[in-house]
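A.B. asks: Structure supplied as upload-v4.csv; contents: CSV, C-alpha atoms.
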chain,number,residue,atom,x,y,z
A,753,MET,CA,44.6,-169.1,81.1
A,754,ALA,CA,41.0,-168.1,80.2
A,755,ARG,CA,40.7,-166.6,76.7
A,756,THR,CA,39.6,-162.9,76.7
A,757,GLN,CA,36.3,-162.4,75.0
A,758,VAL,CA,35.7,-159.2,73.2
A,759,VAL,CA,32.1,-158.0,73.9
A,760,TYR,CA,32.4,-154.5,72.5
A,761,GLU,CA,35.0,-152.7,70.3
A,762,ARG,CA,35.2,-149.4,68.4
A,763,SER,CA,33.4,-149.4,65.1
A,764,HIS,CA,35.9,-149.2,62.2
A,765,GLY,CA,33.6,-146.5,61.0
A,766,LEU,CA,35.3,-144.3,63.5
A,767,LYS,CA,38.9,-143.1,63.5
A,768,ASP,CA,41.1,-144.2,66.4
A,769,VAL,CA,41.5,-140.8,68.0
A,770,GLU,CA,40.7,-139.3,71.3
A,771,THR,CA,37.7,-137.0,71.6
A,772,HIS,CA,38.1,-133.3,72.1
A,773,TYR,CA,34.4,-132.6,72.8
A,774,CYS,CA,33.4,-131.2,76.2
A,775,PRO,CA,32.2,-133.7,78.9
A,776,GLY,CA,28.6,-134.6,78.3
A,777,CYS,CA,28.4,-133.3,74.7
A,778,HIS,CA,26.4,-135.7,72.5
A,779,HIS,CA,28.4,-135.1,69.3
A,780,GLY,CA,30.5,-138.2,70.1
A,781,ILE,CA,27.5,-140.4,70.6
A,782,ILE,CA,25.9,-139.3,67.4
A,783,HIS,CA,29.2,-139.9,65.5
A,784,LYS,CA,29.2,-143.4,66.9
A,785,LEU,CA,25.7,-144.1,65.7
A,786,ILE,CA,26.4,-142.8,62.2
A,787,ALA,CA,29.6,-144.8,62.0
A,788,GLU,CA,27.9,-148.0,63.1
A,789,VAL,CA,25.0,-147.5,60.5
A,790,LEU,CA,27.5,-146.9,57.7
A,791,VAL,CA,29.4,-150.1,58.5
A,792,GLU,CA,26.2,-152.2,59.0
A,793,MET,CA,24.9,-151.0,55.6
A,794,ASP,CA,28.2,-151.6,53.9
A,795,LEU,CA,28.3,-147.9,52.8
A,796,LEU,CA,31.4,-146.6,54.6
A,797,ASP,CA,33.5,-146.6,51.5
A,798,LYS,CA,30.6,-145.0,49.5
A,799,ALA,CA,29.8,-142.3,52.1
A,800,VAL,CA,30.6,-138.6,51.8
A,801,GLY,CA,29.9,-136.3,54.7
A,802,ILE,CA,29.6,-132.5,54.4
A,803,SER,CA,30.4,-130.4,57.5
A,804,PRO,CA,30.2,-126.6,57.8
A,805,VAL,CA,31.2,-124.2,60.5
A,806,GLY,CA,30.7,-124.7,64.2
A,807,CYS,CA,31.4,-127.8,66.4
A,808,ALA,CA,29.9,-129.8,63.5
A,809,VAL,CA,33.0,-129.0,61.4
A,810,LEU,CA,35.0,-131.5,63.4
A,811,ALA,CA,32.9,-134.5,62.4
A,812,GLY,CA,35.4,-135.4,59.7
A,813,ASP,CA,38.1,-135.8,62.4
A,814,TYR,CA,36.2,-138.8,63.8
A,815,LEU,CA,34.1,-140.5,61.1
A,816,ASN,CA,36.2,-142.8,58.9
A,817,CYS,CA,34.7,-141.8,55.6
A,818,ASP,CA,35.3,-139.0,53.0
A,819,PHE,CA,34.4,-135.5,54.2
A,820,VAL,CA,34.1,-132.1,52.5
A,821,GLU,CA,34.1,-128.9,54.4
A,822,ALA,CA,31.6,-126.3,53.3
A,823,ALA,CA,31.3,-122.6,54.0
A,824,HIS,CA,29.0,-121.5,56.8
A,825,GLY,CA,25.5,-122.6,56.1
A,826,ARG,CA,26.3,-123.9,52.6
A,827,ALA,CA,26.5,-127.7,53.4
A,828,PRO,CA,23.2,-128.4,51.5
A,829,ALA,CA,24.5,-126.7,48.4
A,830,VAL,CA,27.7,-128.7,48.5
A,831,ALA,CA,25.8,-131.9,49.2
A,832,THR,CA,23.5,-131.2,46.3
A,833,GLY,CA,26.5,-130.9,44.0
A,834,VAL,CA,28.2,-134.1,45.3
A,835,LYS,CA,25.0,-136.2,45.1
A,836,ARG,CA,24.0,-135.0,41.7
A,837,THR,CA,27.4,-135.7,40.2
A,838,HIS,CA,27.8,-139.0,42.1
A,839,PRO,CA,24.2,-140.4,42.6
A,840,ASP,CA,25.6,-143.8,43.7
A,841,LEU,CA,27.2,-142.3,46.8
A,842,LEU,CA,25.6,-142.0,50.3
A,843,VAL,CA,25.8,-138.2,51.0
A,844,PHE,CA,24.9,-136.6,54.3
A,845,THR,CA,25.4,-133.2,55.9
A,846,TYR,CA,26.2,-132.8,59.5
A,847,GLN,CA,25.0,-129.4,60.8
A,848,GLY,CA,24.4,-127.6,64.0
A,849,ASP,CA,21.4,-125.3,64.7
A,850,GLY,CA,23.4,-122.1,64.3
A,851,ASP,CA,24.5,-123.2,60.9
A,852,LEU,CA,21.3,-124.8,59.6
A,853,ALA,CA,18.6,-122.7,61.2
A,854,SER,CA,20.3,-119.3,60.9
A,855,ILE,CA,22.8,-118.5,58.1
A,856,GLY,CA,21.9,-121.7,56.3
A,857,ALA,CA,18.1,-121.6,56.6
A,858,GLY,CA,17.6,-120.6,53.0
A,859,GLU,CA,19.9,-123.4,51.8
A,860,ILE,CA,18.0,-126.2,53.7
A,861,VAL,CA,14.6,-124.8,52.8
A,862,HIS,CA,15.3,-124.9,49.0
A,863,ALA,CA,17.2,-128.2,49.2
A,864,THR,CA,14.1,-129.9,50.8
A,865,ALA,CA,11.8,-128.1,48.4
A,866,ARG,CA,13.8,-129.6,45.5
A,867,GLY,CA,13.8,-133.0,47.1
A,868,GLU,CA,17.6,-133.3,46.9
A,869,GLN,CA,18.6,-136.9,47.4
A,870,PHE,CA,20.9,-136.5,50.5
A,871,THR,CA,20.4,-136.8,54.2
A,872,THR,CA,20.6,-134.0,56.7
A,873,ILE,CA,21.8,-134.8,60.3
A,874,PHE,CA,20.8,-131.8,62.3
A,875,ILE,CA,22.2,-131.2,65.8
A,876,ASN,CA,20.0,-129.0,67.9
A,877,ASN,CA,21.6,-128.0,71.2
A,878,ALA,CA,19.6,-124.7,71.4
A,879,ILE,CA,22.7,-122.5,71.5
A,880,TYR,CA,25.8,-121.5,69.6
A,881,GLY,CA,28.3,-123.9,71.0
A,882,MET,CA,31.7,-123.2,69.4
A,883,THR,CA,31.6,-119.4,69.4
A,884,GLY,CA,30.8,-118.8,73.0
A,885,GLY,CA,27.2,-119.6,73.9
A,886,GLN,CA,25.2,-116.9,72.0
A,887,MET,CA,21.5,-117.3,71.4
A,888,ALA,CA,20.6,-119.5,68.5
A,889,PRO,CA,17.4,-119.7,66.4
A,890,THR,CA,16.5,-122.7,68.5
A,891,THR,CA,17.2,-121.2,72.0
A,892,LEU,CA,14.2,-121.7,74.2
A,893,LEU,CA,12.0,-119.0,75.7
A,894,GLY,CA,13.6,-118.0,79.0
A,895,GLN,CA,16.9,-119.7,78.2
A,896,LYS,CA,19.9,-117.6,79.0
A,897,SER,CA,22.8,-117.1,76.7
A,898,THR,CA,25.6,-114.6,76.3
A,899,THR,CA,23.4,-112.5,74.0
A,900,SER,CA,20.1,-113.1,75.9
A,901,GLN,CA,21.4,-112.7,79.5
A,902,SER,CA,17.9,-112.3,80.9
A,903,GLY,CA,16.5,-115.2,78.9
A,904,ARG,CA,15.0,-115.3,75.4
A,905,GLU,CA,11.9,-113.1,75.1
A,906,ALA,CA,9.3,-113.8,72.4
A,907,ALA,CA,8.5,-110.1,71.9
A,908,ARG,CA,12.1,-109.1,71.6
A,909,HIS,CA,13.8,-112.1,70.0
A,910,GLY,CA,11.0,-114.1,68.3
A,911,MET,CA,10.0,-117.7,68.9
A,912,PRO,CA,12.4,-120.6,68.6
A,913,LEU,CA,12.3,-122.2,65.2
A,914,ARG,CA,11.0,-125.8,65.0
A,915,MET,CA,12.9,-126.9,61.9
A,916,SER,CA,11.5,-130.5,61.6
A,917,GLU,CA,8.0,-129.2,61.8
A,918,MET,CA,8.7,-126.5,59.2
A,919,LEU,CA,10.7,-128.6,56.7
A,920,SER,CA,8.3,-131.5,56.9
A,921,THR,CA,5.8,-129.4,55.0
A,922,GLN,CA,8.0,-129.4,52.0
A,923,ASP,CA,6.9,-131.7,49.1
A,924,GLY,CA,10.5,-132.8,48.6
A,925,MET,CA,10.8,-134.1,52.1
A,926,ALA,CA,10.5,-137.9,52.2
A,927,TYR,CA,11.4,-138.6,55.8
A,928,CYS,CA,11.8,-136.3,58.8
A,929,GLU,CA,12.2,-137.4,62.4
A,930,ARG,CA,13.4,-135.8,65.7
A,931,VAL,CA,15.3,-138.0,68.2
A,932,CYS,CA,17.7,-137.7,71.1
A,933,VAL,CA,20.3,-139.9,72.8
A,934,VAL,CA,19.9,-139.2,76.5
A,935,ASP,CA,19.2,-142.8,77.4
A,936,MET,CA,19.5,-146.3,75.8
A,937,PRO,CA,15.8,-146.5,74.5
A,938,ASN,CA,16.2,-143.2,72.8
A,939,LEU,CA,19.6,-144.1,71.5
A,940,HIS,CA,18.3,-147.2,69.8
A,941,LYS,CA,15.4,-145.2,68.2
A,942,ALA,CA,18.0,-142.6,67.0
A,943,LYS,CA,20.1,-145.3,65.3
A,944,LYS,CA,17.0,-146.7,63.6
A,945,ALA,CA,16.2,-143.2,62.3
A,946,ILE,CA,19.6,-142.8,60.8
A,947,LYS,CA,19.4,-146.2,59.1
A,948,LYS,CA,16.0,-145.4,57.7
A,949,ALA,CA,17.1,-142.0,56.4
A,950,PHE,CA,20.1,-143.5,54.7
A,951,THR,CA,18.1,-146.4,53.3
A,952,LEU,CA,15.5,-144.1,51.8
A,953,GLN,CA,18.2,-141.9,50.4
A,954,MET,CA,19.7,-144.8,48.5
A,955,GLN,CA,16.2,-145.7,47.2
A,956,GLY,CA,15.9,-142.2,45.8
A,957,VAL,CA,12.6,-141.2,47.4
A,958,GLY,CA,13.5,-137.6,48.3
A,959,HIS,CA,15.3,-135.7,51.0
A,960,THR,CA,15.7,-137.3,54.4
A,961,PHE,CA,16.2,-135.4,57.7
A,962,VAL,CA,17.1,-136.5,61.2
A,963,GLU,CA,17.1,-133.9,64.0
A,964,PHE,CA,18.9,-134.7,67.3
A,965,LEU,CA,18.1,-132.9,70.5
A,966,SER,CA,21.6,-132.6,71.9
A,967,THR,CA,23.4,-131.2,75.0
A,968,CYS,CA,25.9,-128.4,75.4
A,969,PRO,CA,26.7,-128.6,79.2
A,970,THR,CA,29.5,-126.0,78.9
A,971,ASN,CA,27.4,-123.2,77.4
A,972,TRP,CA,24.3,-124.2,79.3
A,973,GLY,CA,26.2,-123.9,82.6
A,974,MET,CA,25.2,-127.4,83.7
A,975,THR,CA,26.7,-130.7,84.6
A,976,PRO,CA,26.5,-133.4,82.0
A,977,VAL,CA,23.9,-135.2,84.1
A,978,ASP,CA,21.7,-132.1,84.5
A,979,ALA,CA,22.1,-131.3,80.8
A,980,GLY,CA,20.7,-134.7,79.9
A,981,LYS,CA,17.8,-134.2,82.2
A,982,TRP,CA,17.1,-130.7,80.7
A,983,VAL,CA,16.8,-132.2,77.3
A,984,LYS,CA,14.0,-134.4,78.6
A,985,SER,CA,12.3,-131.8,80.9
A,986,ASP,CA,12.6,-128.6,78.8
A,987,MET,CA,13.7,-129.2,75.2
A,988,ASN,CA,11.4,-132.2,74.6
A,989,ARG,CA,8.4,-130.1,75.6
A,990,TYR,CA,9.0,-127.5,72.9
A,991,TYR,CA,10.6,-129.9,70.5
A,992,PRO,CA,8.6,-133.2,70.8
A,993,LEU,CA,10.3,-136.4,69.6
A,994,GLY,CA,8.8,-138.4,66.8
A,995,VAL,CA,8.3,-138.8,63.0
A,996,PHE,CA,7.0,-135.7,61.3
A,997,LYS,CA,6.9,-137.1,57.8
A,998,ASP,CA,7.3,-140.5,56.2
A,999,LEU,CA,6.2,-140.9,52.6
A,1000,THR,CA,7.0,-144.6,52.6
A,1001,ALA,CA,4.6,-145.2,55.5
A,1002,LYS,CA,1.8,-143.4,53.6
A,1003,LYS,CA,2.6,-145.6,50.5
A,1004,GLU,CA,2.5,-148.8,52.6
A,1005,ALA,CA,-0.8,-147.8,54.2
A,1006,ALA,CA,-2.3,-147.0,50.8
A,1007,GLU,CA,-1.2,-150.4,49.4
A,1008,GLU,CA,-2.9,-152.2,52.3
Could you take the file, read its structure, and then write that structure out as structure tokens?
C.D. replies:
Amino acid sequence: MARTQVVYERSHGLKDVETHYCPGCHHGIIHKLIAEVLVEMDLLDKAVGISPVGCAVLAGDYLNCDFVEAAHGRAPAVATGVKRTHPDLLVFTYQGDGDLASIGAGEIVHATARGEQFTTIFINNAIYGMTGGQMAPTTLLGQKSTTSQSGREAARHGMPLRMSEMLSTQDGMAYCERVCVVDMPNLHKAKKAIKKAFTLQMQGVGHTFVEFLSTCPTNWGMTPVDAGKWVKSDMNRYYPLGVFKDLTAKKEAAEE
């Protein structure tokens, strides 16, 4: 008999459990990338994740590293405490847009201003996912939600917040990039962004931040395929992908 060759297997950075996420949701893919990076960097046993309220709170059910649950919006404060008391650990928050850009906006602004030495993984799906599809700070103009049933209006609701652009102006921010995982080329870029953020954190250069444009097919009222297309066609227009700040790149250019 021919010997079976294993070409792919679950990273041991993930727990062996079935996913509960809605079909087409990108949380599972992002968990997978984080897990693979932690294993490849040999940091799985030294990693501590901080998850707050929302769909992001369930990250600890899947990632095979230590996790601490924080109050709504307070993940940066908890991460600050963990990293300052245990500077040898790899500490990251895993936060959605409702948590980070709304109730937790003050927390992340001051954490980046102080240059706290942890990494933020920010999931931007432009809506409140777990609580029923309400408008989020990141909901696009014209996008419908349960609390903006005619679509978001600038005059009434304000403009969507671009968190990467805003936070990259902070002196304590060392690295800030926006990515997505809608196809393989972008997935590979996203994994590199996570690895760079974790690497720079362990070098102690400042705060590192990776924003993911993510899908929420259930609350968008779309199929998973259409949701992925919408990330490219609509979200990416208002939230362009790319690096917004990289202090190490500036240093390397200066040395040349």
A.B. asks: I need the residue nearest A:Asp935 from this list: A:His778, A:Lys784, A:Ser763, A:Asp998. Use all atoms listed in the file for the distance.
C.D. replies: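 Smallest distance to A:Asp935 is found for A:His778.
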A.B. asks: Tell me which of A:Tyr773, A:Trp982, A:Phe819, A:Phe996 sits closest to A:Cys928, counting only C-alpha atoms.
C.D. replies: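 The closest residue to A:Cys928 is A:Phe996.
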A.B. asks: Find the distance between atom CA of A:Ile879 and atom CA of A:Leu810 and write it in Å to one decimal.
C.D. replies: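 These two atoms are separated by 17.3 Å.
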A.B. asks: May I have a table of the residues of stretch 771-816 of chain A lying at most 12 Å from stretch 831-836 of chain A, giving each one's closest pair of atoms and their distance in Å to one decimal, counting only C-alpha atoms, ordered by chain and ascending residue number, as a tab-separated table?
C.D. replies:
residue	atom	partner	partner_atom	distance
A:Lys798	CA	A:Lys835	CA	11.3
A:Ala799	CA	A:Lys835	CA	10.5
A:Val800	CA	A:Val834	CA	8.3
A:Gly801	CA	A:Ala831	CA	8.1
A:Ile802	CA	A:Ala831	CA	6.5
A:Ser803	CA	A:Ala831	CA	9.6
A:Pro804	CA	A:Ala831	CA	11.0
A.B. asks: Using all atoms listed in the file, which residues of stretch 770-861 of chain A come within 8 Å of stretch 940-959 of chain A, and what is the closest atom pair for each, with the distance in Å to one decimal? Give it as a Markdown table, sorted by chain and residue number.
C.D. replies:
| residue | atom | partner | partner_atom | distance |
| --- | --- | --- | --- | --- |
| A:Leu785 | CA | A:Lys943 | CA | 5.7 |
| A:Ile786 | CA | A:Ile946 | CA | 6.9 |
| A:Val789 | CA | A:Lys947 | CA | 5.9 |
| A:Asp840 | CA | A:Met954 | CA | 7.7 |
| A:Leu842 | CA | A:Met954 | CA | 6.8 |
A.B. asks: Would you write out those residues with C-alpha atoms, as a CSV table (one decimal), in the frame of the given file?
C.D. replies:
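New file result-v6.csv:
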chain,number,residue,atom,x,y,z
A,785,LEU,CA,25.7,-144.1,65.7
A,786,ILE,CA,26.4,-142.8,62.2
A,789,VAL,CA,25.0,-147.5,60.5
A,840,ASP,CA,25.6,-143.8,43.7
A,842,LEU,CA,25.6,-142.0,50.3
A.B. asks: Atom CA of A:Leu766 to atom CA of A:Asp794: how many Å, to one decimal?
C.D. replies: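 Separation of atom CA of A:Leu766 and atom CA of A:Asp794: 14.0 Å.
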A.B. asks: Suppose you want the space between atom CA of A:Asn938 and atom CA of A:Ser966; what is it in Å?
C.D. replies: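 Atom-to-atom, atom CA of A:Asn938 and atom CA of A:Ser966 are spaced 11.9 Å apart.
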A.B. asks: Skipping near chain neighbours, those fewer than 6 positions away, what residues fall within 10 Å of A:Thr890 using only C-alpha atoms, listed as a list in words?
C.D. replies: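 Answer for this query is Asp849, Gly850, Ala853, Ser854, Asn876, Asn877, Ala878, Ile879, Tyr880, Met911, Pro912, Leu913, Arg914, Met915, Met987, Tyr990 and Tyr991 of chain A.
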A.B. asks: Save the residues we just selected, C-alpha atoms, as a PDB file, keeping the file's coordinate frame?
C.D. replies:
ATOM      1  CA  ASP A 849      21.400-125.300  64.700  1.00  0.00           C
ATOM      2  CA  GLY A 850      23.400-122.100  64.300  1.00  0.00           C
ATOM      3  CA  ALA A 853      18.600-122.700  61.200  1.00  0.00           C
ATOM      4  CA  SER A 854      20.300-119.300  60.900  1.00  0.00           C
ATOM      5  CA  ASN A 876      20.000-129.000  67.900  1.00  0.00           C
ATOM      6  CA  ASN A 877      21.600-128.000  71.200  1.00  0.00           C
ATOM      7  CA  ALA A 878      19.600-124.700  71.400  1.00  0.00           C
ATOM      8  CA  ILE A 879      22.700-122.500  71.500  1.00  0.00           C
ATOM      9  CA  TYR A 880      25.800-121.500  69.600  1.00  0.00           C
ATOM     10  CA  MET A 911      10.000-117.700  68.900  1.00  0.00           C
ATOM     11  CA  PRO A 912      12.400-120.600  68.600  1.00  0.00           C
ATOM     12  CA  LEU A 913      12.300-122.200  65.200  1.00  0.00           C
ATOM     13  CA  ARG A 914      11.000-125.800  65.000  1.00  0.00           C
ATOM     14  CA  MET A 915      12.900-126.900  61.900  1.00  0.00           C
ATOM     15  CA  MET A 987      13.700-129.200  75.200  1.00  0.00           C
ATOM     16  CA  TYR A 990       9.000-127.500  72.900  1.00  0.00           C
ATOM     17  CA  TYR A 991      10.600-129.900  70.500  1.00  0.00           C
TER      18      TYR A 991
END
A.B. asks: Taking 3 positions as the minimum chain separation for residues in the same chain, which residues sit within 12 Å of A:Lys981 when counting all atoms listed in the file? Answer as number ranges by chain.
C.D. replies: A: 776, 932-935, 965-967, 969, 974-978, 984-988
A.B. asks: Which residues are near A:Lys997? Cut-off 8 Å, only C-alpha atoms, ignore same chain within fewer than 2 positions. Put them as a list in words.
C.D. replies: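 Counting only C-alpha atoms, the residues come to Ser920, Met925, Ala926, Tyr927, Cys928, Glu929, Val995 and Leu999 of chain A.
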